[in-house]
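**Q** mmCIF, C-alpha atoms, saved as structure-v7.cif, coming up:
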data_data
#
loop_
_atom_site.label_atom_id
_atom_site.label_comp_id
_atom_site.auth_asym_id
_atom_site.auth_seq_id
_atom_site.Cartn_x
_atom_site.Cartn_y
_atom_site.Cartn_z
CA MET A 161 122.44 151.27 175.80
CA GLN A 162 124.46 150.53 172.63
CA ARG A 163 122.69 147.15 172.28
CA THR A 164 119.26 148.82 172.62
CA LEU A 165 120.24 151.32 169.93
CA ARG A 166 121.30 148.51 167.59
CA ARG A 167 118.04 146.66 168.22
CA LYS A 168 116.09 149.82 167.44
CA GLN A 169 118.08 150.29 164.21
CA LEU A 170 117.53 146.63 163.29
CA GLY A 171 113.75 147.00 163.88
CA GLN A 172 113.66 150.07 161.64
CA SER A 173 115.64 148.26 158.94
CA ILE A 174 113.25 145.29 158.96
CA ALA A 175 110.26 147.64 158.65
CA GLU A 176 111.95 149.47 155.76
CA ILE A 177 112.88 146.23 153.98
CA GLY A 178 109.25 145.11 154.37
CA ALA A 179 108.02 148.40 152.89
CA ILE A 180 110.44 148.10 149.94
CA ILE A 181 109.34 144.51 149.21
CA GLY A 182 105.64 145.47 149.48
CA LEU A 183 105.99 148.55 147.27
CA GLY A 184 108.09 146.59 144.75
CA ALA A 185 105.46 143.85 144.54
CA LEU A 186 102.70 146.45 144.16
CA ALA A 187 104.65 148.21 141.39
CA VAL A 188 105.19 144.92 139.52
CA MET A 189 101.46 144.06 139.79
CA LEU A 190 100.49 147.53 138.53
CA VAL A 191 102.93 147.29 135.59
CA LEU A 192 101.51 143.86 134.64
CA SER A 193 97.96 145.13 135.04
CA ASN A 194 98.68 148.20 132.87
CA VAL A 195 100.14 146.06 130.09
CA GLY A 196 97.17 143.67 130.35
CA THR A 197 98.94 140.64 131.79
CA SER A 198 97.09 138.45 134.25
CA THR A 199 99.01 138.17 137.52
CA SER A 200 97.25 134.88 138.34
CA ASN A 201 98.68 133.39 135.12
CA ASP A 202 102.15 134.55 136.05
CA LEU A 203 101.81 133.19 139.58
CA CYS A 204 100.63 129.90 138.04
CA ARG A 205 103.74 129.77 135.84
CA VAL A 206 105.97 130.55 138.81
CA THR A 207 104.39 127.74 140.89
CA ASN A 208 104.78 125.34 137.94
CA ALA A 209 108.44 126.33 137.68
CA MET A 210 108.74 125.39 141.36
CA GLY A 211 107.37 121.90 140.71
CA ALA A 212 103.58 122.27 140.75
CA ASN A 213 101.54 120.82 137.89
CA GLU A 214 98.72 123.24 137.20
CA THR A 215 97.07 124.09 133.86
CA CYS A 216 97.86 127.78 133.64
CA GLY A 217 95.30 130.06 132.06
CA SER A 218 92.55 127.46 131.62
CA LEU A 219 89.23 129.31 131.73
CA PHE A 220 86.83 126.60 130.62
CA SER A 221 86.70 123.07 129.25
CA GLU A 222 83.77 120.96 128.12
CA ASN A 223 83.41 117.42 126.80
CA PHE A 224 79.60 117.45 126.82
CA ASN A 225 78.76 114.84 129.41
CA SER A 226 76.01 117.29 130.35
CA LEU A 227 74.72 120.73 129.42
CA ASP A 228 74.84 122.03 133.00
CA ALA A 229 77.33 124.79 132.12
CA TRP A 230 75.24 126.08 129.22
CA GLN A 231 72.32 128.47 128.91
CA HIS A 232 69.93 127.28 126.24
CA VAL A 233 68.44 130.47 124.78
CA ARG A 234 66.63 129.24 121.69
CA GLY A 235 66.39 126.46 119.13
CA ARG A 236 67.08 122.74 119.35
CA TRP A 237 70.16 121.53 121.22
CA ASP A 238 70.77 117.97 122.39
CA LEU A 239 73.56 115.65 123.50
CA LYS A 240 74.24 112.84 121.06
CA ASN A 241 77.08 110.34 121.58
CA GLY A 242 78.76 112.74 123.98
CA GLN A 243 78.60 115.66 121.55
CA LEU A 244 76.55 118.84 121.47
CA CYS A 245 74.34 118.87 118.39
CA GLY A 246 72.22 121.80 117.25
CA GLY A 247 69.59 122.56 114.65
CA PRO A 248 67.62 122.74 112.54
CA GLY A 249 66.31 126.28 112.94
CA GLU A 250 67.63 129.41 114.63
CA GLY A 251 69.40 128.15 117.75
CA ARG A 252 71.63 129.77 120.36
CA ILE A 253 73.36 128.35 123.42
CA PHE A 254 75.88 130.14 125.63
CA THR A 255 78.27 129.76 128.55
CA SER A 256 80.00 132.53 130.45
CA ILE A 257 83.77 132.97 130.44
CA ASP A 258 85.57 134.91 133.15
CA GLY A 259 88.08 136.66 130.95
CA ASN A 260 88.55 139.06 128.07
CA ASN A 261 91.48 137.78 126.00
CA TYR A 262 91.29 134.07 125.30
CA ARG A 263 91.78 131.27 122.81
CA VAL A 264 88.77 129.05 122.08
CA LYS A 265 89.54 125.59 120.69
CA ILE A 266 86.83 123.22 119.48
CA ASP A 267 88.60 119.96 118.70
CA LYS A 268 85.65 118.44 116.87
CA SER A 269 83.08 120.38 114.91
CA MET A 270 81.11 118.90 112.07
CA LEU A 271 78.50 120.45 109.82
CA HIS A 272 76.11 117.73 108.66
CA ARG A 273 73.79 119.87 106.58
CA GLY A 274 72.46 123.40 106.06
CA ASN A 275 73.88 126.86 105.56
CA GLY A 276 76.39 126.83 108.41
CA TYR A 277 76.95 127.38 112.13
CA GLY A 278 78.37 130.11 114.32
CA VAL A 279 80.67 130.24 117.34
CA PHE A 280 79.90 133.22 119.56
CA PHE A 281 82.61 134.99 121.54
CA ARG A 282 82.76 137.97 123.93
CA THR A 283 79.00 137.72 124.37
CA GLN A 284 77.00 139.63 126.95
CA ASN A 285 73.28 139.63 127.81
CA VAL A 286 72.59 136.38 125.96
CA GLU A 287 68.78 136.88 125.82
CA LYS A 288 69.46 139.92 123.62
CA VAL A 289 72.96 139.02 122.68
CA SER A 290 75.73 141.54 122.13
CA GLY A 291 79.18 140.38 121.03
CA TYR A 292 80.63 138.60 118.01
CA SER A 293 80.30 135.36 116.08
CA PHE A 294 82.64 133.43 113.82
CA GLN A 295 80.55 131.76 111.16
CA TYR A 296 81.43 128.61 109.24
CA ASP A 297 79.20 129.58 106.39
CA PRO A 298 78.85 127.57 103.15
CA GLY A 299 75.62 129.53 102.55
CA TYR A 300 77.40 132.91 102.39
CA GLY A 301 78.19 133.74 98.76
CA ALA A 302 80.10 130.79 97.35
CA GLY A 303 80.94 129.69 100.89
CA GLU A 304 82.98 131.84 103.29
CA PHE A 305 84.26 132.21 106.82
CA VAL A 306 82.88 135.42 108.33
CA ILE A 307 83.04 137.33 111.60
CA ARG A 308 79.93 139.25 112.61
CA LYS A 309 78.99 141.72 115.31
CA TRP A 310 75.80 141.48 117.37
CA VAL A 311 74.16 144.42 119.13
CA ASN A 312 71.28 143.94 121.57
CA GLY A 313 70.04 140.80 119.80
CA TYR A 314 70.51 142.16 116.27
CA GLU A 315 72.96 140.63 113.81
CA ILE A 316 74.78 143.44 112.03
CA SER A 317 73.98 143.20 108.35
CA ARG A 318 77.51 143.54 107.02
CA PRO A 319 80.16 141.17 108.41
CA ILE A 320 83.14 142.90 110.01
CA ALA A 321 85.44 140.47 108.16
CA ARG A 322 85.23 137.77 105.49
CA GLY A 323 87.55 135.03 104.33
CA ARG A 324 87.15 132.82 101.30
CA ALA A 325 87.35 129.07 101.60
CA PRO A 326 89.85 127.18 99.43
CA ALA A 327 88.55 125.83 96.11
CA ASN A 328 86.67 122.53 96.47
CA TYR A 329 86.58 122.96 100.23
CA ASP A 330 84.67 120.13 101.86
CA TRP A 331 82.13 121.87 104.14
CA TYR A 332 80.08 118.85 105.18
CA ASP A 333 80.53 115.68 107.27
CA THR A 334 84.20 116.36 107.95
CA ASN A 335 85.52 116.85 111.48
CA ARG A 336 87.19 120.25 111.71
CA THR A 337 89.19 121.86 114.51
CA ILE A 338 88.06 125.44 115.03
CA GLU A 339 90.21 127.92 116.97
CA LEU A 340 89.47 131.54 117.76
CA ASP A 341 92.13 133.91 119.06
CA VAL A 342 90.31 136.75 120.83
CA ASN A 343 92.98 139.24 121.82
CA GLY A 344 92.34 142.95 122.42
CA ASP A 345 90.45 144.28 119.41
CA THR A 346 91.77 141.61 117.02
CA PHE A 347 90.05 138.28 116.38
CA THR A 348 91.50 135.52 114.22
CA ALA A 349 89.74 132.27 113.31
CA TYR A 350 91.62 129.10 112.34
CA VAL A 351 90.21 125.98 110.72
CA ASP A 352 92.40 122.89 111.09
CA GLY A 353 95.28 125.13 112.14
CA GLU A 354 95.07 127.47 109.13
CA PRO A 355 94.05 131.13 109.63
CA VAL A 356 90.87 131.77 107.63
CA VAL A 357 89.66 135.23 108.69
CA THR A 358 90.83 138.12 110.91
CA ALA A 359 88.65 140.98 112.19
CA THR A 360 89.27 144.14 114.19
CA ASP A 361 86.64 145.74 116.42
CA SER A 362 86.70 147.31 119.87
CA THR A 363 83.00 147.49 120.75
CA TYR A 364 82.89 144.56 123.18
CA PRO A 365 85.95 143.93 125.40
CA GLU A 366 84.81 140.82 127.28
CA GLY A 367 82.20 138.08 127.56
CA GLY A 368 81.36 134.43 127.07
CA ILE A 369 81.15 131.97 124.22
CA GLY A 370 78.33 130.08 122.52
CA PHE A 371 77.05 128.31 119.42
CA ARG A 372 74.55 129.27 116.79
CA THR A 373 72.57 127.43 114.12
CA TRP A 374 70.13 128.80 111.54
CA SER A 375 67.72 127.65 108.81
CA ASN A 376 68.20 123.92 108.12
CA THR A 377 71.62 123.55 109.76
CA ARG A 378 72.54 120.45 111.70
CA ALA A 379 75.96 120.59 113.35
CA CYS A 380 77.76 118.84 116.23
CA PHE A 381 80.61 119.95 118.51
CA ASP A 382 82.87 118.31 121.10
CA ASP A 383 85.94 118.89 123.28
CA ILE A 384 86.07 122.63 123.87
CA THR A 385 88.78 124.43 125.78
CA VAL A 386 89.14 128.12 126.49
CA GLU A 387 92.53 129.38 127.65
CA ALA A 388 93.52 132.85 128.68
CA ILE A 389 95.90 134.69 126.37
CA PRO A 390 98.58 136.18 128.63
CA MET B 95 127.71 165.87 171.60
CA SER B 96 125.41 168.69 170.63
CA SER B 97 124.77 171.37 173.20
CA ASN B 98 121.20 172.01 171.87
CA LYS B 99 119.64 169.08 173.69
CA SER B 100 116.84 169.79 176.11
CA PHE B 101 116.32 168.08 179.44
CA LYS B 102 113.64 165.88 177.84
CA ASP B 103 116.33 164.28 175.70
CA PHE B 104 118.09 163.15 178.84
CA ALA B 105 115.01 161.85 180.63
CA PRO B 106 115.82 158.67 182.56
CA GLY B 107 115.19 155.53 180.46
CA ALA B 108 114.64 157.42 177.18
CA ILE B 109 116.56 156.02 174.21
CA PRO B 110 117.69 158.71 171.81
CA THR B 111 116.80 158.15 168.14
CA PRO B 112 119.97 157.06 166.40
CA PRO B 113 121.05 158.98 163.30
CA PRO B 114 120.27 157.01 160.10
CA SER B 115 123.15 154.99 158.76
CA PRO B 116 124.11 155.26 155.02
CA THR B 117 122.27 151.96 154.40
CA GLN B 118 119.11 153.29 156.04
CA LYS B 119 119.37 156.47 153.99
CA ARG B 120 119.54 154.38 150.80
CA MET B 121 116.56 152.32 151.93
CA ARG B 122 114.52 155.43 152.62
CA MET B 123 115.41 156.81 149.19
CA ALA B 124 114.30 153.48 147.68
CA ILE B 125 110.97 153.68 149.57
CA ILE B 126 110.38 157.22 148.31
CA ALA B 127 111.26 156.22 144.72
CA LEU B 128 109.03 153.13 144.84
CA SER B 129 106.15 155.15 146.34
CA ALA B 130 106.47 157.66 143.48
CA LEU B 131 106.51 154.80 140.94
CA VAL B 132 103.40 153.20 142.47
CA ALA B 133 101.61 156.57 142.47
CA PHE B 134 102.54 157.08 138.79
CA LEU B 135 101.34 153.59 137.82
CA LEU B 136 98.05 154.13 139.68
CA VAL B 137 97.51 157.38 137.75
CA VAL B 138 98.27 155.57 134.45
CA LYS B 139 95.74 152.88 135.42
CA VAL B 140 92.85 155.16 136.35
CA LEU B 141 93.50 157.96 133.83
CA PRO B 142 91.64 156.34 130.88
CA SER B 143 88.41 155.97 132.90
CA ILE B 144 88.68 159.60 134.06
CA THR B 145 89.20 160.90 130.49
CA ASP B 146 86.33 158.65 129.28
CA GLY B 147 84.14 160.31 131.86
CA PHE B 148 85.16 163.77 130.65
CA SER B 149 84.55 162.88 126.99
CA ALA B 150 81.01 161.72 127.88
CA ILE B 151 80.18 165.15 129.27
CA GLY B 152 77.89 166.95 126.88
CA SER B 153 75.38 165.40 124.56
CA GLY B 154 73.36 166.02 121.44
CA VAL B 155 70.27 164.79 119.62
CA ILE B 156 69.82 162.55 116.57
CA VAL B 157 66.67 162.78 114.45
CA GLY B 158 65.72 161.02 111.22
CA GLN B 159 63.35 158.64 109.51
CA VAL B 160 63.66 154.91 108.82
CA VAL B 161 62.65 153.77 105.34
CA ASP B 162 62.64 150.50 103.39
CA GLY B 163 64.37 149.89 100.06
CA TYR B 164 61.57 151.75 98.23
CA GLY B 165 61.75 154.83 100.46
CA ARG B 166 58.57 153.95 102.34
CA PRO B 167 58.48 154.68 106.11
CA LEU B 168 59.24 151.65 108.23
CA SER B 169 58.93 150.88 111.94
CA ALA B 170 62.28 149.99 113.50
CA GLU B 171 64.35 150.12 116.67
CA LEU B 172 67.17 152.69 116.94
CA ILE B 173 70.16 151.95 119.16
CA VAL B 174 73.21 154.07 119.91
CA GLU B 175 75.97 151.49 120.31
CA ARG B 176 77.92 151.41 123.60
CA THR B 177 75.10 153.32 125.34
CA ASP B 178 71.73 152.37 126.84
CA ILE B 179 69.90 154.61 124.36
CA ILE B 180 67.20 152.67 122.50
CA VAL B 181 64.03 154.11 120.94
CA GLN B 182 61.28 152.91 118.63
CA THR B 183 60.20 154.89 115.59
CA ASP B 184 56.70 156.33 115.41
CA THR B 185 54.27 155.00 112.82
CA ASP B 186 55.87 157.23 110.14
CA GLY B 187 59.31 155.75 110.83
CA ARG B 188 60.46 159.00 112.48
CA PHE B 189 62.69 159.00 115.54
CA GLU B 190 64.47 161.26 117.98
CA LEU B 191 67.29 160.14 120.25
CA ARG B 192 68.17 162.53 123.10
CA GLY B 193 71.19 162.54 125.39
CA VAL B 194 73.57 160.99 122.86
CA PRO B 195 77.14 161.46 124.15
CA ARG B 196 79.20 163.84 122.03
CA GLY B 197 81.82 162.49 119.65
CA ALA B 198 81.87 159.67 117.12
CA GLN B 199 78.91 157.34 117.67
CA ILE B 200 77.36 154.46 115.77
CA LEU B 201 73.61 154.53 115.20
CA LEU B 202 72.08 151.10 114.65
CA VAL B 203 68.87 150.84 112.63
CA ALA B 204 67.41 147.47 113.61
CA ASN B 205 64.52 145.55 112.17
CA ASP B 206 63.54 141.88 111.97
CA GLY B 207 66.68 140.60 113.70
CA ILE B 208 69.10 142.53 111.46
CA GLY B 209 70.86 145.82 112.19
CA VAL B 210 72.45 148.37 109.86
CA GLU B 211 75.15 150.67 111.27
CA TYR B 212 75.42 154.40 110.50
CA PRO B 213 78.35 156.44 111.88
CA VAL B 214 77.24 159.78 113.35
CA ASN B 215 79.31 162.61 114.82
CA ILE B 216 77.57 164.29 117.76
CA ARG B 217 78.38 167.84 118.85
CA PHE B 218 77.47 169.20 122.25
CA GLY B 219 73.98 170.74 122.30
CA GLN B 220 73.36 170.21 118.58
CA THR B 221 70.76 168.19 116.71
CA VAL B 222 72.05 165.94 113.92
CA ASP B 223 69.43 165.16 111.26
CA VAL B 224 70.55 161.92 109.59
CA GLY B 225 67.64 162.12 107.13
CA ALA B 226 66.31 158.86 105.70
CA VAL B 227 68.16 155.78 106.95
CA GLN B 228 67.45 152.42 105.45
CA ALA B 229 66.74 149.27 107.43
CA GLU B 230 67.22 145.72 106.22
CA VAL B 231 63.81 144.30 105.40
CA THR B 232 64.89 140.71 104.92
CA ALA B 233 65.80 138.14 107.53
CA ILE B 234 68.89 137.25 105.45
CA PRO B 235 71.73 139.69 106.18
CA ALA B 236 73.61 141.46 103.36
CA GLN B 237 76.21 139.44 101.49
#
Just give me the structure as C-alpha cells.
**A**
Amino acid sequence: MQRTLRRKQLGQSIAEIGAIIGLGALAVMLVLSNVGTSTSNDLCRVTNAMGANETCGSLFSENFNSLDAWQHVRGRWDLKNGQLCGGPGEGRIFTSIDGNNYRVKIDKSMLHRGNGYGVFFRTQNVEKVSGYSFQYDPGYGAGEFVIRKWVNGYEISRPIARGRAPANYDWYDTNRTIELDVNGDTFTAYVDGEPVVTATDSTYPEGGIGFRTWSNTRACFDDITVEAIP
Amino acid sequence: MSSNKSFKDFAPGAIPTPPPSPTQKRMRMAIIALSALVAFLLVVKVLPSITDGFSAIGSGVIVGQVVDGYGRPLSAELIVERTDIIVQTDTDGRFELRGVPRGAQILLVANDGIGVEYPVNIRFGQTVDVGAVQAEVTAIPAQ
C-alpha cells in the first residue's frame, strides 16, 4: 500500500516537472518572440556551442553561377565572368528573403558607367514594387548615397535619407563592398565598411532584396550574403 | 485518521489520494506562476494586433485635385499608403477616396513612375478636402 502511494506520488511529480519544463520553455520562447529575437538563431547558437558547425542566421547567399534564385522584372541582366551585370536602361531584378531584420553584404559591386545603381531591400510585390532602395548615385546632385521608398511601383520623389560622398570619391571602375543593415525601422548603408547614410521608416517591415539600374548605367555585382540580425 | 470518510473511500482496492508533500505544493505554485506568465506574454504578443484593429474602425473620405507645376489639372493615381485604396483621377484631375481609415495617413500622388507624399489626418465620418496637390511631371525624381 505504502509503495503504491509512493509510486502514485512519483507519477504526479514527473507530470508536474514535465509541465514546469514545458511552461518554462513556452515562456522563454514568448519572451524572445516579444523582443524580436529569432528562436531558430538561438537554437543554432546553442547547437554550435555543443560542437555543431552551422552558419547561424544565414538567409541567403549567391555567387552568380546562375540566376535561378532571381526574378527578372525588367531591363537587361546577364551573367558575365560569374558576376551579375545590369544595364543600360531601367532594370530591376529581385529575390525573396524569408526574414525582416537582416544584413545584406555585397562583396563586389562595381559601377562601370552611368548615373548609378540601387540595391532594393524589404521589397514586396516586385511587379509593382513596394519597399526601399539604397542608391549608389553619382548622378544625384554632386554625387550622393541615398535611401528611397517605393510604393506600388512608384519611386517616392524625395529620398528618405541622403549622405554625401567624400571629396574626390572615385565612383567608377572600383570594386566596392556594400553592406545594408536593415533592423526594425532603421536602415544603415556602408560602403567599404564606412557608414554613408542612415534612414528611418516603418512603412514596410519585411521583404526581399534586389538590384536596380537606370538610364545609361552599367554595373556588376558578386558574392552576396544575407544574414539575419538577431 | 479523519472520521468524515465515506464507505467509498474504503472500497476494496481503492488507493486514497495522498496529501501533497511540501515539494509538490511548491511545484504546483510554480505551475500556476508559469501559467500566469505565459498568459501575460500571450496577451502582450497579441495586444498590438487587437489595438490596430480597433484603430482601423471608422473611416473618412479624401477629396482633391491633382495639378502640374503650372496649376493645370493632371491625370494621376492616388494611393493611401499601407492600405489597398487606389483610385485614378477623372479627366479634370479630381479624385475621391472613400473608406480611408481614421488617423494619420499618407496620400501618395503618383504619376509617370514617381510619387509625391502628402500627410493627411482622417477623422471618422468626415471628408478632408486636400485641395490642389501637385504631382511630379518629370521622370527624374526631386533632388
**Q** I need the residue set behind the PyMOL selection byres ((chain A) within 8 of (chain B)) for this file; please write it as a PyMOL selection string.
**A** chain A and resi 161+164-165+169+173+176-177+179-180+183-184+186-187+190-191+194+300-301+311+313-318+363
**Q** Applied to the shown file, which residues does the PyMOL selection byres ((chain B and resi 166) around 12) return, written as a list in words?
**A** Gln159, Val160, Val161, Asp162, Gly163, Tyr164, Gly165, Pro167, Leu168, Ser169, Thr185, Asp186, Gly187, Arg188, Ala226, Val227, Gln228, Ala229 and Val231 of chain B
**Q** As an exercise, work out the distance from atom CA of A:Thr255 to atom CA of A:Glu222 in Å and give it to one decimal place.
**A**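 So the two atoms, atom CA of A:Thr255 and atom CA of A:Glu222, lie 10.4 Å apart.
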**Q** Around (76.4, 127.8, 109.9), as given in the file, which residues come within 6 Å? Count all atoms listed in the file and list them as a list in words.
**A**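 Residues satisfying the cut-off, written out: Asn275, Gly276, Tyr277, Gly278, Gln295, Tyr296, Asp297 and Thr373 of chain A.
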**Q** Would you pick out the contacts of A:Thr348 at 9 Å or less, using all atoms listed in the file, so that residues sharing its chain but fewer than 2 positions from it are not included, and give the list as an MDAnalysis selection string?
**A** chainID A and resid 339:343 346 350 355:360
**Q** Evaluating the PyMOL selection byres ((chain A and resi 309) around 6) on the displayed file yields which residues, as a ChimeraX atom specification?
**A** /A:291-292,308,310,316
